[in-house]
$ cat run.cif   # mmCIF, C-alpha atoms
data_start
#
loop_
_atom_site.label_atom_id
_atom_site.label_comp_id
_atom_site.auth_asym_id
_atom_site.auth_seq_id
_atom_site.Cartn_x
_atom_site.Cartn_y
_atom_site.Cartn_z
CA MET D 8 0.00 0.00 0.00
CA GLU D 9 1.39 3.36 -1.02
CA LEU D 10 1.86 5.95 1.70
CA ILE D 11 0.26 8.69 -0.40
CA ASN D 12 -0.54 9.44 -4.00
CA GLU D 13 1.40 11.81 -6.22
CA LYS D 14 -0.91 14.78 -5.54
CA THR D 15 -0.36 14.65 -1.79
CA LYS D 16 3.22 13.48 -1.77
CA PHE D 17 5.42 14.01 1.29
CA GLN D 18 9.17 13.62 1.01
CA ASN D 19 9.22 10.91 3.67
CA HIS D 20 7.42 9.57 6.71
CA ASP D 21 9.19 12.00 9.03
CA GLU D 22 7.82 14.98 7.11
CA LEU D 23 4.35 13.47 7.27
CA LEU D 24 4.57 12.96 11.03
CA LYS D 25 6.01 16.45 11.60
CA SER D 26 3.10 18.00 9.69
CA HIS D 27 0.61 15.91 11.64
CA ALA D 28 2.19 16.91 14.96
CA HIS D 29 1.95 20.60 13.96
CA ILE D 30 -1.77 20.16 13.30
CA TRP D 31 -2.28 18.54 16.70
CA ASN D 32 -0.28 21.27 18.42
CA GLN D 33 -2.38 24.04 16.89
CA THR D 34 -5.63 22.15 17.47
CA PHE D 35 -4.94 21.74 21.19
CA ASN D 36 -3.53 25.24 21.73
CA PHE D 37 -6.82 26.42 23.23
CA ILE D 38 -6.05 24.19 26.22
CA LYS D 39 -3.28 26.58 27.26
CA SER D 40 -5.77 29.44 27.50
CA MET D 41 -8.34 27.38 29.36
CA SER D 42 -5.69 26.04 31.76
CA LEU D 43 -4.68 29.63 32.50
CA LYS D 44 -8.31 30.52 33.16
CA CYS D 45 -8.64 27.51 35.47
CA ALA D 46 -5.54 28.51 37.44
CA VAL D 47 -6.92 32.02 37.90
CA GLU D 48 -10.35 30.77 38.97
CA LEU D 49 -8.75 28.36 41.47
CA SER D 50 -6.47 31.19 42.74
CA ILE D 51 -3.40 28.99 42.34
CA PRO D 52 -1.04 31.99 41.92
CA ASP D 53 -2.41 33.50 45.16
CA ILE D 54 -2.05 30.22 47.04
CA ILE D 55 1.62 29.93 46.07
CA HIS D 56 2.23 33.62 46.77
CA ASN D 57 0.60 33.44 50.21
CA HIS D 58 2.67 30.36 51.04
CA ALA D 59 5.62 32.81 51.06
CA LYS D 60 8.12 30.22 49.76
CA PRO D 61 8.35 27.67 46.93
CA MET D 62 5.48 25.20 47.25
CA THR D 63 5.50 21.43 46.74
CA LEU D 64 2.79 19.66 44.80
CA SER D 65 1.47 17.99 47.97
CA GLU D 66 1.27 21.38 49.74
CA LEU D 67 -0.58 22.85 46.78
CA GLN D 68 -2.91 19.85 46.62
CA ALA D 69 -3.77 20.27 50.30
CA ALA D 70 -4.71 23.90 49.72
CA LEU D 71 -7.24 23.12 46.98
CA PRO D 72 -10.78 21.92 47.68
CA SER D 73 -11.14 18.82 45.49
CA LYS D 74 -9.64 16.48 42.85
CA PRO D 75 -6.05 17.12 44.02
CA GLN D 76 -4.87 13.87 42.40
CA HIS D 77 -5.16 15.51 38.95
CA LEU D 78 -3.44 18.77 39.84
CA HIS D 79 0.01 17.77 38.59
CA ARG D 80 -1.39 17.47 35.06
CA LEU D 81 -2.72 21.04 35.09
CA MET D 82 0.48 22.38 36.66
CA ARG D 83 2.62 20.70 34.00
CA ILE D 84 0.84 22.74 31.30
CA LEU D 85 1.16 25.94 33.33
CA VAL D 86 4.89 25.37 33.88
CA ASP D 87 5.39 24.68 30.16
CA SER D 88 3.50 27.91 29.41
CA GLY D 89 5.81 29.94 31.68
CA PHE D 90 3.32 30.85 34.39
CA PHE D 91 5.22 28.92 37.06
CA SER D 92 8.72 27.53 37.34
CA LEU D 93 10.10 24.62 39.33
CA SER D 94 12.82 24.78 41.95
CA LYS D 95 15.33 22.05 41.20
CA THR D 96 16.78 21.83 44.69
CA GLY D 97 15.48 18.69 46.40
CA GLU D 98 11.77 18.05 45.85
CA ASN D 99 10.24 20.03 43.00
CA ARG D 100 8.59 23.18 44.28
CA TYR D 101 6.47 25.66 42.36
CA ILE D 102 7.66 29.27 42.09
CA LEU D 103 5.89 32.32 40.72
CA THR D 104 7.26 33.90 37.54
CA PRO D 105 6.93 37.59 36.54
CA GLU D 106 3.92 36.53 34.45
CA SER D 107 2.15 34.86 37.36
CA LEU D 108 2.69 37.93 39.53
CA LEU D 109 0.23 39.64 37.19
CA LEU D 110 -2.32 36.91 38.00
CA LEU D 111 -2.53 37.76 41.70
CA LYS D 112 -5.87 39.11 42.90
CA ASP D 113 -4.38 41.95 44.90
CA HIS D 114 -1.66 42.99 42.48
CA PRO D 115 -2.39 46.58 41.44
CA LEU D 116 -1.75 45.67 37.79
CA SER D 117 -3.48 42.29 37.89
CA ALA D 118 -4.49 40.85 34.51
CA ARG D 119 -7.04 38.48 36.10
CA PRO D 120 -10.12 40.50 35.08
CA TYR D 121 -8.87 40.76 31.50
CA ILE D 122 -8.26 37.00 31.25
CA LEU D 123 -11.66 36.15 32.70
CA ALA D 124 -13.40 38.54 30.29
CA VAL D 125 -11.63 37.43 27.11
CA LEU D 126 -12.21 33.76 28.00
CA ASP D 127 -15.80 34.29 29.15
CA PRO D 128 -18.24 32.04 27.25
CA ILE D 129 -19.99 35.12 25.84
CA LEU D 130 -16.77 36.05 24.02
CA THR D 131 -15.59 32.54 23.13
CA GLU D 132 -18.87 31.13 21.82
CA PRO D 133 -18.86 33.39 18.70
CA TRP D 134 -15.78 31.55 17.43
CA GLN D 135 -17.99 28.51 16.90
CA PHE D 136 -19.90 30.59 14.33
CA LEU D 137 -16.92 31.93 12.38
CA SER D 138 -17.11 29.57 9.41
CA ALA D 139 -20.90 30.10 9.17
CA TRP D 140 -20.28 33.86 9.22
CA PHE D 141 -17.73 33.57 6.42
CA ARG D 142 -20.30 31.58 4.43
CA ASP D 143 -22.75 34.43 5.07
CA GLU D 144 -25.31 32.06 6.56
CA GLY D 145 -26.65 34.82 8.79
CA ALA D 146 -27.38 37.56 6.28
CA ASP D 147 -28.37 40.05 8.98
CA SER D 148 -25.33 39.37 11.18
CA THR D 149 -22.47 41.83 10.84
CA THR D 150 -20.21 39.76 13.10
CA ALA D 151 -19.86 36.20 14.33
CA PHE D 152 -20.73 37.62 17.77
CA SER D 153 -24.08 38.92 16.57
CA MET D 154 -24.73 35.63 14.76
CA ALA D 155 -24.18 33.79 18.04
CA ASN D 156 -26.37 36.19 20.01
CA GLY D 157 -29.56 36.73 18.04
CA ASN D 158 -28.16 39.71 16.10
CA LYS D 159 -27.27 41.57 19.29
CA THR D 160 -24.02 43.52 19.14
CA MET D 161 -21.48 43.18 21.92
CA TRP D 162 -22.41 46.67 23.12
CA GLU D 163 -26.11 45.79 23.21
CA MET D 164 -25.22 42.68 25.17
CA ALA D 165 -23.20 44.71 27.67
CA GLY D 166 -26.10 47.14 28.03
CA SER D 167 -28.64 44.42 28.77
CA GLU D 168 -26.60 41.75 30.61
CA GLU D 169 -25.47 43.07 34.00
CA ARG D 170 -23.00 40.24 34.61
CA PHE D 171 -21.28 40.65 31.24
CA ASN D 172 -21.21 44.44 31.62
CA ARG D 173 -19.49 44.01 34.99
CA VAL D 174 -16.98 41.50 33.59
CA PHE D 175 -16.20 43.67 30.56
CA ASN D 176 -15.77 46.85 32.62
CA GLY D 177 -13.51 44.97 35.02
CA ALA D 178 -11.28 43.94 32.13
CA MET D 179 -11.05 47.52 30.88
CA GLU D 180 -10.21 48.78 34.39
CA SER D 181 -7.47 46.17 34.69
CA ASP D 182 -5.96 47.21 31.36
CA SER D 183 -6.19 50.90 32.27
CA TRP D 184 -4.12 50.39 35.43
CA LEU D 185 -1.37 48.84 33.32
CA ILE D 186 -1.48 51.52 30.63
CA GLY D 187 -1.67 54.30 33.22
CA GLU D 188 1.35 52.98 35.09
CA VAL D 189 3.49 52.99 31.93
CA LEU D 190 2.04 56.22 30.52
CA ILE D 191 2.79 58.21 33.67
CA GLY D 192 6.08 56.42 34.30
CA LYS D 193 7.55 56.83 30.80
CA CYS D 194 5.62 59.61 29.03
CA ARG D 195 4.80 62.31 31.58
CA GLU D 196 5.86 65.04 29.19
CA VAL D 197 2.82 64.46 26.94
CA PHE D 198 0.73 66.25 29.57
CA ASP D 199 2.96 69.35 29.74
CA GLY D 200 0.84 72.48 29.38
CA VAL D 201 -2.41 70.51 29.33
CA VAL D 202 -5.39 71.79 31.31
CA ASP D 203 -8.42 69.82 30.08
CA VAL D 204 -8.52 66.15 29.05
CA VAL D 205 -11.43 64.12 27.71
CA ASP D 206 -11.09 60.34 28.00
CA VAL D 207 -13.42 59.07 25.27
CA GLY D 208 -14.81 55.63 25.98
CA GLY D 209 -13.06 55.88 29.34
CA GLY D 210 -15.31 53.35 31.05
CA THR D 211 -15.43 53.63 34.82
CA GLY D 212 -12.71 56.28 34.83
CA THR D 213 -9.63 54.30 35.89
CA LEU D 214 -7.24 55.94 33.43
CA GLY D 215 -8.74 59.36 34.12
CA LYS D 216 -8.20 58.87 37.86
CA ILE D 217 -4.57 57.90 37.26
CA VAL D 218 -3.98 61.00 35.12
CA VAL D 219 -5.55 63.51 37.53
CA GLY D 220 -3.82 61.75 40.43
CA ALA D 221 -0.46 62.34 38.76
CA PHE D 222 -1.37 65.85 37.56
CA PRO D 223 -3.80 67.46 40.05
CA ARG D 224 -3.88 70.66 37.97
CA LEU D 225 -5.71 68.81 35.19
CA ASN D 226 -9.43 68.44 34.71
CA CYS D 227 -10.59 65.20 33.13
CA THR D 228 -13.99 64.33 31.66
CA VAL D 229 -14.78 60.66 31.08
CA LEU D 230 -17.23 60.21 28.23
CA ASP D 231 -18.97 56.85 27.83
CA LEU D 232 -22.35 55.24 27.25
CA PRO D 233 -25.09 55.77 29.87
CA HIS D 234 -25.06 52.18 31.17
CA VAL D 235 -21.28 52.39 31.69
CA VAL D 236 -21.15 55.61 33.73
CA ALA D 237 -24.46 55.17 35.55
CA GLY D 238 -24.00 55.75 39.27
CA LEU D 239 -20.37 56.89 39.03
CA GLU D 240 -19.63 59.94 41.16
CA ASP D 241 -17.68 63.01 40.08
CA SER D 242 -14.73 64.29 42.09
CA GLU D 243 -13.04 67.69 42.22
CA ASN D 244 -11.22 67.34 38.89
CA LEU D 245 -12.82 64.23 37.39
CA ARG D 246 -16.35 64.12 36.02
CA PHE D 247 -18.40 61.53 34.15
CA LEU D 248 -20.48 62.36 31.12
CA ALA D 249 -23.00 60.00 29.53
CA GLY D 250 -23.19 60.32 25.78
CA ASP D 251 -22.48 59.06 22.29
CA MET D 252 -18.94 59.87 21.12
CA PHE D 253 -20.15 60.00 17.51
CA GLU D 254 -22.57 62.80 18.39
CA PHE D 255 -20.62 64.99 20.80
CA ILE D 256 -17.15 65.27 22.34
CA PRO D 257 -16.51 68.07 24.86
CA PRO D 258 -13.77 70.54 23.86
CA ALA D 259 -10.38 69.89 25.48
CA ASP D 260 -6.63 70.32 25.06
CA VAL D 261 -6.18 66.57 24.85
CA ILE D 262 -8.70 64.02 23.66
CA MET D 263 -7.62 60.61 24.84
CA PHE D 264 -8.52 57.16 23.49
CA LYS D 265 -7.38 53.85 24.93
CA MET D 266 -8.11 50.86 22.69
CA ILE D 267 -11.15 52.46 21.06
CA PHE D 268 -10.29 52.81 17.37
CA HIS D 269 -9.44 49.14 16.96
CA LEU D 270 -13.09 48.44 17.83
CA LEU D 271 -14.24 50.46 14.83
CA ASN D 272 -14.15 50.03 11.07
CA ASP D 273 -12.59 52.75 8.92
CA GLU D 274 -15.88 54.54 8.23
CA LYS D 275 -16.72 54.94 11.91
CA SER D 276 -13.11 55.78 12.79
CA LEU D 277 -13.02 58.57 10.23
CA LYS D 278 -16.31 59.99 11.51
CA LEU D 279 -14.97 59.94 15.07
CA LEU D 280 -11.66 61.56 14.10
CA LYS D 281 -13.48 64.41 12.38
CA LYS D 282 -15.58 64.90 15.51
CA CYS D 283 -12.36 65.01 17.54
CA LYS D 284 -10.78 67.63 15.30
CA GLU D 285 -13.77 69.89 15.97
CA ALA D 286 -13.38 69.41 19.73
CA ILE D 287 -9.63 70.02 20.13
CA ILE D 288 -8.84 73.38 21.71
CA LEU D 289 -6.24 74.99 19.47
CA ASN D 290 -4.71 77.49 21.90
CA GLY D 291 -1.67 75.58 23.13
CA ASP D 292 -0.81 71.90 22.85
CA GLY D 293 -4.09 70.53 21.55
CA LYS D 294 -3.80 66.94 20.31
CA LEU D 295 -5.23 63.47 20.19
CA MET D 296 -3.60 60.88 22.41
CA ILE D 297 -4.32 57.37 21.12
CA MET D 298 -3.18 54.22 22.92
CA ASP D 299 -3.67 51.37 20.48
CA ILE D 300 -1.96 48.68 18.41
CA VAL D 301 0.24 49.58 15.44
CA MET D 302 0.80 46.40 13.48
CA ASP D 303 3.98 45.33 11.68
CA GLN D 304 6.25 47.13 14.14
CA GLU D 305 9.47 45.67 15.50
CA ASN D 306 8.78 44.94 19.17
CA LYS D 307 11.65 44.62 21.61
CA VAL D 308 9.40 43.72 24.55
CA HIS D 309 7.47 40.79 23.12
CA HIS D 310 9.21 38.41 20.71
CA SER D 311 5.91 37.15 19.27
CA ALA D 312 4.22 40.55 19.00
CA SER D 313 3.31 40.05 15.35
CA GLU D 314 1.48 36.82 16.11
CA THR D 315 -0.32 38.37 19.07
CA THR D 316 -1.51 41.42 17.15
CA ASN D 317 -2.65 39.23 14.25
CA LEU D 318 -4.71 37.19 16.71
CA TYR D 319 -6.12 40.36 18.25
CA ASP D 320 -7.07 41.59 14.79
CA LEU D 321 -9.16 38.48 14.22
CA GLU D 322 -10.74 38.89 17.66
CA MET D 323 -11.89 42.37 16.65
CA MET D 324 -13.35 41.02 13.43
CA VAL D 325 -15.28 38.30 15.27
CA LEU D 326 -16.62 40.50 18.06
CA VAL D 327 -17.20 44.03 16.77
CA SER D 328 -16.27 44.52 13.08
CA GLY D 329 -13.08 46.23 14.27
CA ILE D 330 -9.57 46.08 12.84
CA GLU D 331 -5.94 46.45 13.92
CA ARG D 332 -4.00 48.84 11.69
CA ASN D 333 -0.44 49.35 10.52
CA GLU D 334 1.15 52.80 10.35
CA LYS D 335 0.12 53.40 6.75
CA GLN D 336 -3.53 52.68 7.58
CA TRP D 337 -3.42 54.90 10.66
CA ALA D 338 -1.84 57.75 8.68
CA LYS D 339 -4.50 57.60 5.98
CA LEU D 340 -7.24 57.95 8.59
CA PHE D 341 -5.51 60.91 10.26
CA PHE D 342 -4.92 62.82 7.03
CA ASP D 343 -8.36 62.02 5.60
CA ALA D 344 -9.84 63.50 8.80
CA GLY D 345 -7.89 66.74 8.29
CA PHE D 346 -5.06 66.30 10.81
CA THR D 347 -1.66 67.59 9.76
CA SER D 348 0.83 65.32 11.53
CA TYR D 349 1.28 62.45 13.94
CA LYS D 350 3.97 60.79 16.02
CA ILE D 351 4.11 57.14 17.07
CA ASN D 352 5.94 56.19 20.27
CA HIS D 353 6.42 52.44 20.75
CA VAL D 354 6.44 52.63 24.53
CA LEU D 355 3.43 50.53 25.58
CA GLY D 356 4.62 46.99 24.90
CA LEU D 357 2.26 45.41 22.39
CA ARG D 358 0.67 48.81 21.88
CA SER D 359 1.87 52.28 20.99
CA LEU D 360 1.20 55.85 22.04
CA ILE D 361 0.09 57.85 18.99
CA LEU D 362 0.01 61.65 19.21
CA VAL D 363 -2.05 63.30 16.46
CA PHE D 364 -1.97 67.03 15.80
CA PRO D 365 -4.56 69.30 14.12
#
$ encode --input "run.cif" --output "structure tokens"
Amino acid sequence: MELINEKTKFQNHDELLKSHAHIWNQTFNFIKSMSLKCAVELSIPDIIHNHAKPMTLSELQAALPSKPQHLHRLMRILVDSGFFSLSKTGENRYILTPESLLLLKDHPLSARPYILAVLDPILTEPWQFLSAWFRDEGADSTTAFSMANGNKTMWEMAGSEERFNRVFNGAMESDSWLIGEVLIGKCREVFDGVVDVVDVGGGTGTLGKIVVGAFPRLNCTVLDLPHVVAGLEDSENLRFLAGDMFEFIPPADVIMFKMIFHLLNDEKSLKLLKKCKEAIILNGDGKLMIMDIVMDQENKVHHSASETTNLYDLEMMVLVSGIERNEKQWAKLFFDAGFTSYKINHVLGLRSLILVFP
């Protein structure tokens, strides 16, 4: 019996097996994400951290409520994924890595809420509809998300499902703490001479609070949808405004966007940019401050940045009809909206700080 026919010919059996192994590896890759989610939900990073020293498997098993006999299989995946390491002195003991520090509940920059939101069934179920969406089986569905949810958009879902709204806002708050830490730590000068800031789509105001905390002279307005800012209280130099960013943006020296434009297609992005240009106060250092992904950039922080941003791009397509852009695509939007110049600073890891000038 021939191994294969001429049309599907492999050079040898080793090449065949290597190709098959690659298929298996990619097929089972989702297990890494779900194992990470499981570790977070079981608070394994917190248990090891609170133990205050490297922890043996038996000690970790004793700290968990049930099925401890299977724990070593989960931990093996998490060690291979870099979330824990093993002490090689004597009995193997689990140690936190820099990555697992960001999984701790009480860490100020914890990524737990972001992980739990991205891997929430509401956001993973639409992937089961992707091929049907490509085949255009749901003619009225603009995204795989809407196909999976009775033609509801993700924003409509957040507005009507209290649990999902809470999970989503928690993820955005988590991300804002990280961005705020780096923005204030590495780019303080972008706020020189600034008096008024509007954080468009600023959610529950985390980034705005960080900015006014670092620069008490500033006034910040957080603009977001009514269900997002409902019940949030103003402070001396931070106020919340319910509204539609496509209809009105308050005038300010700086109009700030964190991970907003990648949620939008080019038509909506252009409309929003034109609205921003009308709102920028021109006396002084008026500008847009965009924190978002710029694709195809050399990244010295993350060796697989290109893969990650390509994956994120597909996530935006599935969930919200959004898109990740390279510099050429960003520039076209800026100039089509009437802006005169821009500057990209690759200082936010997988993302960049883009300053856009009228």
$ resolve_selection --input "run.cif" --expression "the PyMOL selection byres ((chain D and resi 270) around 10)" --output "PyMOL selection string"
chain D and resi 266-269+271-273+275-276+320+322-324+326-331
$ residues_around --input "run.cif" --residues "Leu111 of chain D" --least-positions-apart "5" --cutoff "9 Å" --atoms "all atoms listed in the file" --output "list in words"
Val47, Ser50, Ile51, Pro52, Asp53, His56, Leu116, Ser117, Ala118 and Arg119 of chain D
$ write_last_selection --input "run.cif" --atoms "C-alpha atoms" --output "mmCIF file, in the coordinates of the input"
data_model
loop_
_atom_site.group_PDB
_atom_site.id
_atom_site.type_symbol
_atom_site.label_atom_id
_atom_site.label_comp_id
_atom_site.auth_asym_id
_atom_site.auth_seq_id
_atom_site.Cartn_x
_atom_site.Cartn_y
_atom_site.Cartn_z
ATOM 1 C CA VAL D 47 -6.920 32.020 37.900
ATOM 2 C CA SER D 50 -6.470 31.190 42.740
ATOM 3 C CA ILE D 51 -3.400 28.990 42.340
ATOM 4 C CA PRO D 52 -1.040 31.990 41.920
ATOM 5 C CA ASP D 53 -2.410 33.500 45.160
ATOM 6 C CA HIS D 56 2.230 33.620 46.770
ATOM 7 C CA LEU D 116 -1.750 45.670 37.790
ATOM 8 C CA SER D 117 -3.480 42.290 37.890
ATOM 9 C CA ALA D 118 -4.490 40.850 34.510
ATOM 10 C CA ARG D 119 -7.040 38.480 36.100
#
$ atom_distance --input "run.cif" --atom1 "atom CA of Arg80 of chain D" --atom2 "atom CA of Leu318 of chain D"
27.1 Å
$ atom_distance --input "run.cif" --atom1 "atom CA of Leu277 of chain D" --atom2 "atom CA of Met252 of chain D"
12.5 Å
$ atom_distance --input "run.cif" --atom1 "atom CA of Ile361 of chain D" --atom2 "atom CA of Glu243 of chain D"
28.4 Å
$ resolve_selection --input "run.cif" --expression "the PyMOL selection byres ((chain D and resi 123-138) around 6)" --output "number ranges by chain"
D: 120-122, 139-141, 151-152, 155, 174-175
$ residues_around --input "run.cif" --residues "Gly220 of chain D" --least-positions-apart "4" --cutoff "12 Å" --atoms "all atoms listed in the file" --output "number ranges by chain"
D: 187-188, 191, 212-216, 224-227, 242-245
$ closest_residue --input "run.cif" --among "D:Leu340, D:Ala28, D:Cys45, D:Glu334" --to "Ile84 of chain D" --atoms "only C-alpha atoms"
D:Cys45
$ closest_residue --input "run.cif" --among "D:Ala312, D:Ile30, D:Leu81, D:Leu232" --to "Trp162 of chain D" --atoms "only C-alpha atoms"
D:Leu232
$ closest_residue --input "run.cif" --among "D:Ala165, D:Leu280, D:Ile288, D:Leu23" --to "Ala338 of chain D" --atoms "only C-alpha atoms"
D:Leu280
$ closest_residue --input "run.cif" --among "D:Val207, D:Leu78, D:Val201, D:Ala259" --to "Val236 of chain D" --atoms "all atoms listed in the file"
D:Val207
$ resolve_selection --input "run.cif" --expression "the PyMOL selection byres ((chain D and resi 85) around 12)" --output "PyMOL selection string"
chain D and resi 38-47+51-52+78-84+86-93+101-104+106-107
$ closest_residue --input "run.cif" --among "D:Ala178, D:Met302, D:Leu185, D:Leu357" --to "Lys335 of chain D" --atoms "all atoms listed in the file"
D:Met302
$ residues_near_point --input "run.cif" --point "(-10.3, 56.0, 25.8)" --cutoff "10 Å" --atoms "only C-alpha atoms" --output "PyMOL selection string"
chain D and resi 179+183+205-210+212+214-215+229-231+262-268+296-299
$ residues_around --input "run.cif" --residues "Gln304 of chain D" --least-positions-apart "2" --cutoff "8 Å" --atoms "all atoms listed in the file" --output "PyMOL selection string"
chain D and resi 301-302+306+313+333
$ residues_around --input "run.cif" --residues "segment 237-241 of chain D" --least-positions-apart "6" --cutoff "9 Å" --atoms "all atoms listed in the file" --output "PDB file with C-alpha atoms, keeping the file's coordinate frame"
ATOM      1  CA  THR D 211     -15.430  53.630  34.820  1.00  0.00           C
ATOM      2  CA  GLY D 212     -12.710  56.280  34.830  1.00  0.00           C
ATOM      3  CA  PHE D 247     -18.400  61.530  34.150  1.00  0.00           C
ATOM      4  CA  ALA D 249     -23.000  60.000  29.530  1.00  0.00           C
TER       5      ALA D 249
END
